[in-house]
Amino acid sequence: MLLHAGDFTNTGTVSDIVEWETLVGDFLKTGHFKHAILVAGNHDTTLDPDYYHDRGQKRFHWRKAEDTDAARKSICNSTYLLLAR
């Protein structure tokens, strides 16, 4: 099992998430890992739409907002764990 806990992107851009998921897909294809678990960190702000729209966009993407729906949909090879509030 591959477990990544926190800050798998620099600032949570969709392109960073796609790059990560491509890497994870390559790891899974090798057979070294059967599962990949992902826990977002404080830099992966686009995966928490409420936080992103309240503070994350102003902090990281003040010039151009990222699409939080696209960010979540980009996770295709990992199992994303989200803590309930």
# chains A, B, ... in the order shown; residues from 1 in each chain; ligands from 1
$ residues_around --residues "range 4-6 of chain A" --least-positions-apart "3" --cutoff "6 Å" --atoms "only C-alpha atoms" --output "list of chain:residue names"
A:Leu38, A:Val39, A:Ala40, A:Gly41
$ select_by_dssp --residues "chain A" --states "alpha helix (DSSP H)" --output "ChimeraX atom specification"
/A:14-30,49-51,57-60,68-73
$ closest_residue --among "A:Asp16, A:Asp54, A:Asp67, A:Asp48" --to "Leu82 in chain A" --atoms "only C-alpha atoms"
A:Asp48
$ residues_around --residues "Thr22 in chain A" --least-positions-apart "5" --cutoff "9 Å" --atoms "only C-alpha atoms" --output "count of residues only"
4
$ residues_around --residues "Tyr51 in chain A" --least-positions-apart "6" --cutoff "12 Å" --atoms "only C-alpha atoms" --output "JSON, numbers by chain"
{"A": [42, 43, 44, 45, 57, 58, 59, 60, 68]}
$ closest_residue --among "A:Leu2, A:Leu83, A:Thr9, A:Glu66" --to "Gly25 in chain A" --atoms "only C-alpha atoms"
A:Leu2
$ closest_residue --among "A:Gly56, A:Leu23, A:Asp7, A:Gly12" --to "Ser78 in chain A" --atoms "only C-alpha atoms"
A:Leu23
$ select_by_dssp --residues "chain A" --states "strand (DSSP E)" --output "ChimeraX atom specification"
/A:2-5,36-39,79-81
$ closest_residue --among "A:Asp50, A:Glu19, A:His32, A:Thr13" --to "Met1 in chain A" --atoms "only C-alpha atoms"
A:His32
$ atom_distance --atom1 "CA of His35 in chain A" --atom2 "CA of Leu3 in chain A"
8.4 Å
$ atom_distance --atom1 "CA of Ala65 in chain A" --atom2 "CA of Pro49 in chain A"
11.5 Å
$ residues_around --residues "Ala71 in chain A" --least-positions-apart "6" --cutoff "7 Å" --atoms "only C-alpha atoms" --output "PyMOL selection string"
chain A and resi 14+17+46-47
$ write_last_selection --atoms "C-alpha atoms" --output "short mmCIF file (atom, residue, chain, number, x, y, z; two decimals), in the first residue's frame"
data_model
loop_
_atom_site.label_atom_id
_atom_site.label_comp_id
_atom_site.auth_asym_id
_atom_site.auth_seq_id
_atom_site.Cartn_x
_atom_site.Cartn_y
_atom_site.Cartn_z
CA VAL A 14 -5.42 20.81 -10.96
CA ILE A 17 -3.10 16.79 -8.98
CA THR A 46 -8.57 22.86 -3.88
CA LEU A 47 -9.76 19.55 -2.43
#
$ atom_distance --atom1 "CA of Ala70 in chain A" --atom2 "CA of Asn10 in chain A"
16.9 Å
$ closest_residue --among "A:Thr30, A:Trp20, A:Tyr80, A:Asp69" --to "Tyr52 in chain A" --atoms "only C-alpha atoms"
A:Asp69
